[in-house]
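Presented below is the structure to which this report refers.
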Amino acid sequence: MFINKLLNFICDIRVFLIISSLIFFVSTSAIAAEKNVLEAESAKLVGDANKVTDSAASGNNLISLTRPGQGVRFTGLPATSKLAIRYASMGVGTISVIVNDQPARKVNVHSSGALTGSFLNAIIDIAIPANASLTISLAADDVPINIDRILVGNGDLGLPPDIWNLPPLKVADGPYSADWKALSRIYTVPQWWRDAKFGAWAHWDPQSMPEQGDWYARGMYMQNNQQYNFHVNHFGHPSEYGYKDICNNWVIDRWDPNELMDLYVEMGARYFMAMGVHHDNFDCWDSVYQPWNSVNVGPKVDVIGTWEQAARQHNIRFGIGFHHSPGRTWGQFMPVRYTSDRTGPKQGVPYDALQTILDGKGKWWEGMDPVDLYGPVHNNRDPLFSPFANQFMWRVDDAVSKYHPDVIYFDEHAGDSQVDLGVRMGLGFLAPQLIANYYNKSLQWNDRKMDVVINLKGVGGRYNSFQNSPELLPYVDRSLVKSTEAIIEPEIMACSFQTETTIADWHYRTGQRYKDAKELVGLLMENVCRNGTMLLNLTQHGRGDLDPEVIRIAKDIGAWLKVNGEAVYSSRPFEVYGEESVRYTRNNGNVYATLQNWQGGPITLKALHTGGATAGKVSKVEMLGSDLKLTFVQDDQGLIIIPSGSAQPLPGIENQQLASRCRVLRITHDKGWFNDDDPGAAYTGWTRRCNLGTGDFNNDLTISNTPGDVWSCSFVGSSVSVIAPKEAGAGKIEIQIDGQTRATVDLSITDARQVQQEVFEVSGLTPGKHTIQIINRGPGPVAIDAIIIQ
């Protein structure tokens with residue numbers, strides 16, 4: 001009995017193994033059948049194309065196309081969707097591909113270093129119907145090329161991506177479409193960003209290695225530039241030792257991401273930004289579409305992946321910065337690399353950007369194509385229509401899909417009307433595509449909740465990039481968080497913004513001097529009081545560590561924020577941003593006055609006079625971090641505060657100017673209403689207006705022109721009132737408490753505009769948490785000013 005069962009079991013196993021082998025054979029055969037290799041020498045020659053012997057070719061022969069009209073035609077092709085052309089060339093440009101009698105498709109090619117013995121693959125997505133013919137030929141504007149073979153198939157052909165022939169990136173499926181107006185209607189800046197106020201930035205990549213400041217990857221190729229001179233003296237001539245060698249020799253043995261993240265958190269940062277890729281075009285992650293990356297070259301580490309893990313472990317929001325925009329990288333950084341010295345012993349000797357994959361044989365970079373780092377030779381015109389533009393989009397998508405950042409930053413304009421160094425800057429038509437793709441993808445990892453931010457520049461202001469389409473500005477402003485480098489907005493802004501600043505040079509420069517902690521806290525408050533956020537770069541050494549002075553400054557900032565953070569985090573602007581050396585914010589119904597250069601004497605706060613639109617009768621004034629008794633008088637001239645003695649400096653701060661002169665007052669008053677933009681308010685599709693000067697609470701309003709728009713928030717209490725202006729032409733609002741309609745109020749009047757009107761009040765609610773929704777019921781615009789919670 002046992003023997004029979006054992007024999008049956010063995011038989012079953014053998015049958016299973018045979019069937020499994022058959023399934024595997026069929027499956028792998030099917031996969032193999034997806035790819036078809038066709039030798040060029042076996043195809044039909046067109047226009048006197050020539051056959052060239054090459055022992056390195058797959059069939060020992062190449063088909064040479066040297067003049068317009070010559071080509072090679074493949075017939076009887078299977079139905080496929082992808083084409084790879086193995087070629088050799090000495091030029092940079094295009095060739096033409098024609099399927100049946102369809103219009104020619106241009107394919108980008110560049111130099112393999114020789115017409116024989118060295119090959120590249122041009123890969124494109126192209127629909128090839130069953131039994132089709134495919135012709136590769138030269139038109140008048142194409143470059144000579146030798147064809148070895150083609151590979152047609154579906155999906156992955158088993159070759160590395162051809163980053164110079166990538167298709168346009170398709171926007172991920174989701175509610176966000178690539179249209180500024182549509183984006184602005186449904187995007188809302190997430191609460192965490194509104195509340196964070198302060199971020200830390202590691203603006204660190206291979207350009208940090210020489211420790212000679214920012215834009216090294218460009219300056220080193222410009223004869224007589226300080227960075228060029230340093231490079232020649234310390235590394236060699238850029239024809240022999242180029243930027244690719246800088247990348248390879250980037251050593252990061254002193255980089256401790258967890259220790260740095262500890263410092264960022266201690267400094268008070270609520271989000272962290274890592275450098276994904278700068279204008280140099282070197283990716284600091286395991287990049288699919290840029291082989292010149294930190295995993296393949298140099299440190300052999302996924303820098304972004306490591307930063308991301310450290311940030312998540314420290315419960316701090318994570319971001320990636322992208323600086324490799326078409327205008328900056330393709331337009332400004334690449335072209336200078338194709339030149340040579342104009343004078344001296346190396347006059348006319350090409351810099352290393354003109355090396356090819358063939359030049360790498362026997363060297364450390366064998367098998368890598370310098371063109372992928374430096375770009376093919378080109379002029380800087382039309383960056384948005386260059387082959388680099390699609391590559392840029394795919395690389396951003398690759399990083400976003402891998403690391404799920406909470407925020408992505410672009411050192412580039414959202415529009416395209418600005419010119420810098422002779423290059424048209426900006427993302428233009430790519431910007432809404434980039435944004436919609438990121439927003440839709442983020443919903444996949446955030447349980448369908450919109451919880452991410454994108455930063456772009458040139459949205460109004462000094463460097464407005466929408467000069468050719470100013471009508472788009474209001475929509476763009478509500479579709480993202482605009483940012484500027486070092487330039488703080490001049491007034492309170494209706495929409496959130498970010499200012500990027502650095503403690504010294506953006507990339508480490510030997511002997512650099514640092515902004516001190518008092519100056520940096522002052523810059524932070526200049527942003528926060530205007531509805532902004534500050535992103536601060538702590539400049540790292542090339543090897544990854546920080547100078548002791550930087551650590552001390554960061555700790556001083558953190559010690560100050562530990563005491564005074566309630567004037568910063570989760571705060572919102574007051575009705576005016578400040579006066580003289582005082583900066584105002586609001587939080588939890590209180591007004592905060594940050595004194596930026598207090599000398600220890602009496603203080604006059606003019607904005608807190610009696611009868612104001614926002615501040616009520618003051619009942620208490622306290623100095624945070626001090627038990628110093630303060631007496632005060634409030635009248636129509638302002639709030640006068642008199643200290644009873646001297647305040648002790650804040651503890652744990654080495655910078656005594658910061659510890660003594662930068663102090664915060666908390667002012668309690670009897671008009672601590674919940675403003676229309678306070679933390680917890682949600683108003684998708686509504687617009688914000690501020691600096692109104694019309695007597696509205698906090699000098700701002702939240703406005704809707706679209707019936708059905710909803711303003712909502714949760715509150716804890718037993719009664720709530722709605723404050724709104726009444727004016728001619730206004731519409732109606734429906735007010736719901738916990739989902740039940742309580743009233744519909746007409747905000748339209750025929751008389752003069754009336755501000756701060758109590759248009760609804762309900763009391764006797766069950767003590768506890770409730771939700772109020774205010775719905776625009778038209779037909780005119782409606783505005784919300786505040787609610788009063790009791």
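By order of appearance in the structure tokens: chains A, B, ..., then residues from 1 within every chain, and ligands from 1 in the order shown.
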
Residues of segment 512-570 of chain A within 7 Å of segment 587-600 of chain A: nearest atom pair and distance (Å, one decimal) for each, counting only C-alpha atoms, sorted by chain and number, as a Markdown table?
```
| residue | atom | partner | partner_atom | distance |
| --- | --- | --- | --- | --- |
| A:Gly522 | CA | A:Gln596 | CA | 6.6 |
| A:Ala567 | CA | A:Tyr592 | CA | 5.8 |
| A:Ser570 | CA | A:Asn587 | CA | 6.9 |
```

Nearby residues (only C-alpha atoms) at most 9 Å from Ser496 of chain A, same-chain spacing under 6 positions excluded, as a PDB file with all heavy atoms, in the first residue's frame:
```pdb
ATOM      1  N   VAL A 189      -3.695  73.679  -1.631  1.00  0.00           N
ATOM      2  CA  VAL A 189      -2.427  73.473  -0.937  1.00  0.00           C
ATOM      3  C   VAL A 189      -2.702  72.711   0.358  1.00  0.00           C
ATOM      4  O   VAL A 189      -3.555  73.117   1.150  1.00  0.00           O
ATOM      5  CB  VAL A 189      -1.745  74.816  -0.621  1.00  0.00           C
ATOM      6  CG1 VAL A 189      -0.450  74.599   0.151  1.00  0.00           C
ATOM      7  CG2 VAL A 189      -1.476  75.582  -1.910  1.00  0.00           C
ATOM      8  N   TRP A 193       1.613  71.763   4.543  1.00  0.00           N
ATOM      9  CA  TRP A 193       2.499  72.781   3.976  1.00  0.00           C
ATOM     10  C   TRP A 193       2.185  74.154   4.544  1.00  0.00           C
ATOM     11  O   TRP A 193       3.091  74.904   4.914  1.00  0.00           O
ATOM     12  CB  TRP A 193       2.366  72.802   2.453  1.00  0.00           C
ATOM     13  CG  TRP A 193       3.143  73.931   1.836  1.00  0.00           C
ATOM     14  CD1 TRP A 193       2.720  75.203   1.607  1.00  0.00           C
ATOM     15  CD2 TRP A 193       4.508  73.893   1.430  1.00  0.00           C
ATOM     16  NE1 TRP A 193       3.726  75.965   1.063  1.00  0.00           N
ATOM     17  CE2 TRP A 193       4.835  75.182   0.940  1.00  0.00           C
ATOM     18  CE3 TRP A 193       5.487  72.894   1.412  1.00  0.00           C
ATOM     19  CZ2 TRP A 193       6.106  75.491   0.450  1.00  0.00           C
ATOM     20  CZ3 TRP A 193       6.745  73.207   0.910  1.00  0.00           C
ATOM     21  CH2 TRP A 193       7.040  74.484   0.452  1.00  0.00           C
ATOM     22  N   ARG A 194       0.890  74.489   4.620  1.00  0.00           N
ATOM     23  CA  ARG A 194       0.503  75.795   5.162  1.00  0.00           C
ATOM     24  C   ARG A 194       1.041  75.980   6.582  1.00  0.00           C
ATOM     25  O   ARG A 194       1.348  77.104   6.985  1.00  0.00           O
ATOM     26  CB  ARG A 194      -1.024  75.925   5.183  1.00  0.00           C
ATOM     27  CG  ARG A 194      -1.730  75.893   3.838  1.00  0.00           C
ATOM     28  CD  ARG A 194      -1.436  77.110   2.979  1.00  0.00           C
ATOM     29  NE  ARG A 194      -1.538  78.376   3.663  1.00  0.00           N
ATOM     30  CZ  ARG A 194      -2.669  79.037   3.892  1.00  0.00           C
ATOM     31  NH1 ARG A 194      -3.825  78.527   3.466  1.00  0.00           N
ATOM     32  NH2 ARG A 194      -2.672  80.195   4.506  1.00  0.00           N
ATOM     33  N   ASP A 477      -1.312  80.654 -10.007  1.00  0.00           N
ATOM     34  CA  ASP A 477      -1.047  80.921  -8.591  1.00  0.00           C
ATOM     35  C   ASP A 477      -1.789  79.948  -7.683  1.00  0.00           C
ATOM     36  O   ASP A 477      -1.322  79.598  -6.598  1.00  0.00           O
ATOM     37  CB  ASP A 477      -1.465  82.359  -8.265  1.00  0.00           C
ATOM     38  CG  ASP A 477      -0.629  82.959  -7.149  1.00  0.00           C
ATOM     39  OD1 ASP A 477       0.292  82.294  -6.655  1.00  0.00           O
ATOM     40  OD2 ASP A 477      -0.908  84.113  -6.775  1.00  0.00           O
ATOM     41  N   ARG A 478      -2.968  79.496  -8.128  1.00  0.00           N
ATOM     42  CA  ARG A 478      -3.760  78.576  -7.312  1.00  0.00           C
ATOM     43  C   ARG A 478      -3.501  77.108  -7.650  1.00  0.00           C
ATOM     44  O   ARG A 478      -4.092  76.232  -7.017  1.00  0.00           O
ATOM     45  CB  ARG A 478      -5.256  78.881  -7.482  1.00  0.00           C
ATOM     46  CG  ARG A 478      -5.645  80.290  -7.085  1.00  0.00           C
ATOM     47  CD  ARG A 478      -7.142  80.420  -6.823  1.00  0.00           C
ATOM     48  NE  ARG A 478      -7.968  80.044  -7.948  1.00  0.00           N
ATOM     49  CZ  ARG A 478      -8.327  80.866  -8.939  1.00  0.00           C
ATOM     50  NH1 ARG A 478      -7.890  82.122  -8.939  1.00  0.00           N
ATOM     51  NH2 ARG A 478      -9.115  80.453  -9.908  1.00  0.00           N
ATOM     52  N   LEU A 480      -0.348  75.699  -7.698  1.00  0.00           N
ATOM     53  CA  LEU A 480       0.936  75.273  -7.162  1.00  0.00           C
ATOM     54  C   LEU A 480       1.318  76.199  -6.016  1.00  0.00           C
ATOM     55  O   LEU A 480       0.514  77.042  -5.600  1.00  0.00           O
ATOM     56  CB  LEU A 480       2.000  75.300  -8.267  1.00  0.00           C
ATOM     57  CG  LEU A 480       2.072  76.522  -9.196  1.00  0.00           C
ATOM     58  CD1 LEU A 480       2.655  77.744  -8.528  1.00  0.00           C
ATOM     59  CD2 LEU A 480       2.888  76.203 -10.437  1.00  0.00           C
ATOM     60  N   VAL A 481       2.537  76.065  -5.517  1.00  0.00           N
ATOM     61  CA  VAL A 481       3.105  77.027  -4.562  1.00  0.00           C
ATOM     62  C   VAL A 481       4.278  77.695  -5.263  1.00  0.00           C
ATOM     63  O   VAL A 481       5.297  77.056  -5.542  1.00  0.00           O
ATOM     64  CB  VAL A 481       3.566  76.357  -3.259  1.00  0.00           C
ATOM     65  CG1 VAL A 481       4.292  77.367  -2.373  1.00  0.00           C
ATOM     66  CG2 VAL A 481       2.376  75.766  -2.515  1.00  0.00           C
ATOM     67  N   LYS A 482       4.110  78.956  -5.590  1.00  0.00           N
ATOM     68  CA  LYS A 482       5.174  79.653  -6.309  1.00  0.00           C
ATOM     69  C   LYS A 482       6.381  79.864  -5.405  1.00  0.00           C
ATOM     70  O   LYS A 482       6.263  79.918  -4.173  1.00  0.00           O
ATOM     71  CB  LYS A 482       4.669  80.986  -6.845  1.00  0.00           C
ATOM     72  CG  LYS A 482       4.265  81.988  -5.779  1.00  0.00           C
ATOM     73  CD  LYS A 482       3.700  83.236  -6.433  1.00  0.00           C
ATOM     74  CE  LYS A 482       3.175  84.226  -5.399  1.00  0.00           C
ATOM     75  NZ  LYS A 482       2.527  85.386  -6.056  1.00  0.00           N
ATOM     76  N   ARG A 530       4.110  87.200   5.679  1.00  0.00           N
ATOM     77  CA  ARG A 530       3.483  87.511   4.391  1.00  0.00           C
ATOM     78  C   ARG A 530       2.778  86.301   3.778  1.00  0.00           C
ATOM     79  O   ARG A 530       2.440  86.309   2.610  1.00  0.00           O
ATOM     80  CB  ARG A 530       4.539  88.034   3.423  1.00  0.00           C
ATOM     81  CG  ARG A 530       5.140  89.389   3.798  1.00  0.00           C
ATOM     82  CD  ARG A 530       6.357  89.677   2.916  1.00  0.00           C
ATOM     83  NE  ARG A 530       6.832  91.045   3.034  1.00  0.00           N
ATOM     84  CZ  ARG A 530       7.683  91.482   3.966  1.00  0.00           C
ATOM     85  NH1 ARG A 530       8.135  90.636   4.882  1.00  0.00           N
ATOM     86  NH2 ARG A 530       8.075  92.739   3.989  1.00  0.00           N
ATOM     87  N   ASN A 531       2.608  85.240   4.555  1.00  0.00           N
ATOM     88  CA  ASN A 531       1.961  84.002   4.096  1.00  0.00           C
ATOM     89  C   ASN A 531       2.935  83.094   3.355  1.00  0.00           C
ATOM     90  O   ASN A 531       2.539  82.313   2.493  1.00  0.00           O
ATOM     91  CB  ASN A 531       0.741  84.282   3.212  1.00  0.00           C
ATOM     92  CG  ASN A 531      -0.208  83.094   3.146  1.00  0.00           C
ATOM     93  OD1 ASN A 531      -0.250  82.259   4.048  1.00  0.00           O
ATOM     94  ND2 ASN A 531      -0.972  83.001   2.080  1.00  0.00           N
ATOM     95  N   GLY A 532       4.216  83.202   3.693  1.00  0.00           N
ATOM     96  CA  GLY A 532       5.226  82.413   3.004  1.00  0.00           C
ATOM     97  C   GLY A 532       5.919  81.397   3.885  1.00  0.00           C
ATOM     98  O   GLY A 532       5.697  81.300   5.088  1.00  0.00           O
ATOM     99  N   THR A 533       6.784  80.633   3.231  1.00  0.00           N
ATOM    100  CA  THR A 533       7.593  79.591   3.841  1.00  0.00           C
ATOM    101  C   THR A 533       9.034  79.819   3.415  1.00  0.00           C
ATOM    102  O   THR A 533       9.280  80.298   2.307  1.00  0.00           O
ATOM    103  CB  THR A 533       7.110  78.211   3.358  1.00  0.00           C
ATOM    104  OG1 THR A 533       5.781  78.003   3.807  1.00  0.00           O
ATOM    105  CG2 THR A 533       7.985  77.091   3.875  1.00  0.00           C
TER     106      THR A 533
END
```

Find, counting only C-alpha atoms, the residue in A:Val745, A:Met334, A:Leu77, A:Val396 that gets nearest to Pro370 of chain A. A:Met334

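Close contacts of Ala743 of chain A, defined as residues with an atom at most 10 Å away when counting only C-alpha atoms, with chain neighbours fewer than 2 positions off set aside, comprise Ile733, Glu734, Ile735, Gln736, Ile737, Gln740, Thr741, Val745, Asp746, Val759, Phe760, Glu761, Val762 and Ile774 of chain A.
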
Could you turn the residues from that selection into a file that holds N, CA, C and O atoms, as a short mmCIF file (atom, residue, chain, number, x, y, z; two decimals), in the first residue's frame?
```
data_model
loop_
_atom_site.label_atom_id
_atom_site.label_comp_id
_atom_site.auth_asym_id
_atom_site.auth_seq_id
_atom_site.Cartn_x
_atom_site.Cartn_y
_atom_site.Cartn_z
N ILE A 733 -25.89 82.12 0.23
CA ILE A 733 -25.13 81.01 0.79
C ILE A 733 -26.07 80.10 1.59
O ILE A 733 -26.97 80.58 2.29
N GLU A 734 -25.86 78.81 1.45
CA GLU A 734 -26.56 77.83 2.26
C GLU A 734 -25.60 77.39 3.37
O GLU A 734 -24.43 77.10 3.10
N ILE A 735 -26.10 77.35 4.59
CA ILE A 735 -25.26 77.01 5.74
C ILE A 735 -25.74 75.70 6.33
O ILE A 735 -26.92 75.55 6.69
N GLN A 736 -24.83 74.73 6.39
CA GLN A 736 -25.13 73.42 6.97
C GLN A 736 -24.27 73.19 8.21
O GLN A 736 -23.09 73.56 8.23
N ILE A 737 -24.88 72.62 9.20
CA ILE A 737 -24.18 72.19 10.40
C ILE A 737 -24.31 70.67 10.50
O ILE A 737 -25.44 70.15 10.54
N GLN A 740 -26.71 69.10 8.01
CA GLN A 740 -28.09 69.53 8.00
C GLN A 740 -28.18 71.02 7.67
O GLN A 740 -27.52 71.84 8.29
N THR A 741 -29.02 71.35 6.68
CA THR A 741 -29.19 72.75 6.30
C THR A 741 -29.87 73.51 7.43
O THR A 741 -30.93 73.11 7.92
N VAL A 745 -28.94 82.26 3.20
CA VAL A 745 -28.82 83.68 3.48
C VAL A 745 -28.50 84.43 2.19
O VAL A 745 -27.59 84.04 1.45
N ASP A 746 -29.26 85.48 1.93
CA ASP A 746 -29.02 86.34 0.78
C ASP A 746 -28.03 87.43 1.18
O ASP A 746 -28.29 88.22 2.09
N VAL A 759 -24.26 87.19 9.53
CA VAL A 759 -25.37 86.81 8.64
C VAL A 759 -26.06 85.54 9.10
O VAL A 759 -27.12 85.18 8.57
N PHE A 760 -25.46 84.84 10.07
CA PHE A 760 -26.06 83.60 10.57
C PHE A 760 -25.51 83.32 11.95
O PHE A 760 -24.33 83.57 12.24
N GLU A 761 -26.38 82.77 12.79
CA GLU A 761 -25.94 82.37 14.14
C GLU A 761 -26.81 81.22 14.61
O GLU A 761 -28.03 81.20 14.40
N VAL A 762 -26.16 80.21 15.17
CA VAL A 762 -26.88 79.10 15.77
C VAL A 762 -26.25 78.80 17.12
O VAL A 762 -25.03 78.84 17.27
N ILE A 774 -20.46 76.00 4.19
CA ILE A 774 -21.09 77.17 3.60
C ILE A 774 -21.02 76.99 2.09
O ILE A 774 -19.92 76.91 1.52
#
```

Which polymer residues have any atom within 6 Å of an atom of segment 293-298 of chain A, counting only C-alpha atoms, with same-chain residues fewer than 3 positions away left out, as a ChimeraX atom specification? /A:247-250,282-286,301-302

Please produce a file of the residues just selected, as an mmCIF file, in the first residue's frame, where the atoms kept are C-alpha atoms.
```cif
data_model
loop_
_atom_site.group_PDB
_atom_site.id
_atom_site.type_symbol
_atom_site.label_atom_id
_atom_site.label_comp_id
_atom_site.auth_asym_id
_atom_site.auth_seq_id
_atom_site.Cartn_x
_atom_site.Cartn_y
_atom_site.Cartn_z
ATOM 1 C CA CYS A 247 31.343 62.859 -10.757
ATOM 2 C CA ASN A 248 33.422 59.692 -10.608
ATOM 3 C CA ASN A 249 35.695 61.124 -7.931
ATOM 4 C CA TRP A 250 32.877 62.457 -5.760
ATOM 5 C CA PHE A 282 23.862 64.106 -13.018
ATOM 6 C CA ASP A 283 21.046 62.235 -11.242
ATOM 7 C CA CYS A 284 21.514 61.535 -7.527
ATOM 8 C CA TRP A 285 19.279 58.466 -7.575
ATOM 9 C CA ASP A 286 19.004 55.063 -9.228
ATOM 10 C CA VAL A 301 24.910 55.096 -3.566
ATOM 11 C CA ASP A 302 21.253 55.955 -4.117
#
```

Find the nearest atom pair between each residue of segment 408-502 of chain A and segment 198-206 of chain A for residues within 10 Å, count only C-alpha atoms, give distances in Å to one decimal, sort rows by chain and ascending number, and present the table as JSON lines.
```
{"residue": "A:Gln498", "atom": "CA", "partner": "A:Phe198", "partner_atom": "CA", "distance": 9.3}
{"residue": "A:Thr499", "atom": "CA", "partner": "A:Phe198", "partner_atom": "CA", "distance": 9.9}
{"residue": "A:Glu500", "atom": "CA", "partner": "A:Trp201", "partner_atom": "CA", "distance": 8.9}
{"residue": "A:Thr501", "atom": "CA", "partner": "A:Trp201", "partner_atom": "CA", "distance": 9.2}
{"residue": "A:Thr502", "atom": "CA", "partner": "A:Trp201", "partner_atom": "CA", "distance": 8.5}
```

With all heavy atoms retained, could you export that selection as a compact mmCIF listing (two decimals), in the first residue's frame?
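Output below, filename part_32.txt:
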```txt
# COMPACT_ATOMS: atom_id res chain seq x y z
N GLN A 498 6.95 80.27 -1.41
CA GLN A 498 8.18 79.82 -0.77
C GLN A 498 9.33 80.70 -1.25
O GLN A 498 9.40 81.09 -2.41
CB GLN A 498 8.49 78.36 -1.16
CG GLN A 498 9.84 77.86 -0.65
CD GLN A 498 10.10 76.42 -1.05
OE1 GLN A 498 9.77 75.50 -0.31
NE2 GLN A 498 10.70 76.20 -2.21
N THR A 499 10.24 81.01 -0.32
CA THR A 499 11.48 81.68 -0.68
C THR A 499 12.63 80.75 -0.32
O THR A 499 12.70 80.24 0.80
CB THR A 499 11.65 83.00 0.07
OG1 THR A 499 10.50 83.83 -0.18
CG2 THR A 499 12.90 83.73 -0.37
N GLU A 500 13.52 80.53 -1.29
CA GLU A 500 14.70 79.72 -1.05
C GLU A 500 15.88 80.63 -0.71
O GLU A 500 16.11 81.62 -1.41
CB GLU A 500 15.07 78.86 -2.26
CG GLU A 500 13.95 78.00 -2.76
CD GLU A 500 13.12 78.69 -3.83
OE1 GLU A 500 13.71 79.22 -4.79
OE2 GLU A 500 11.87 78.70 -3.69
N THR A 501 16.59 80.29 0.33
CA THR A 501 17.78 81.04 0.69
C THR A 501 18.85 80.06 1.13
O THR A 501 18.57 78.89 1.39
CB THR A 501 17.49 82.09 1.77
OG1 THR A 501 18.58 82.99 1.87
CG2 THR A 501 17.25 81.43 3.12
N THR A 502 20.06 80.53 1.22
CA THR A 502 21.17 79.66 1.58
C THR A 502 22.03 80.34 2.64
O THR A 502 22.16 81.57 2.66
CB THR A 502 22.01 79.28 0.36
OG1 THR A 502 23.08 78.41 0.75
CG2 THR A 502 22.57 80.51 -0.36
```

Residues of segment 355-581 of chain A classed as helix (DSSP H, G or I) by DSSP on the backbone are to be reported as number ranges by chain. A: 357-360, 371-374, 383-385, 387-403, 430-445, 470-477, 517-528, 548-567

Give me the residues near Glu41 of chain A as JSON, numbers by chain, where near means some atom within 12 Å (using only C-alpha atoms) and where sequence neighbours in that chain fewer than 6 positions away do not count. {"A": [49, 50, 51, 52, 53, 54, 57, 58, 59, 60, 61, 62, 63, 64, 71, 72, 73, 74, 146, 147, 148, 149, 150]}

Please return as a count of residues only: the residues of segment 537-735 of chain A that backbone DSSP assigns to strand (DSSP E). 72

To one decimal place, how far is atom CA of Pro470 of chain A from atom CA of Lys181 of chain A in Å?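 For atom CA of Pro470 of chain A relative to atom CA of Lys181 of chain A, the distance reads 12.9 Å.
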
For Gly213 of chain A, which of A:Trp506, A:Tyr475, A:Phe497, A:Trp255 is the closest residue, counting only C-alpha atoms? A:Trp506

Nearest to Pro335 of chain A, restricted to only C-alpha atoms and choosing among A:Val423, A:Ala607, A:Leu692, A:Val288, comes out as A:Val423
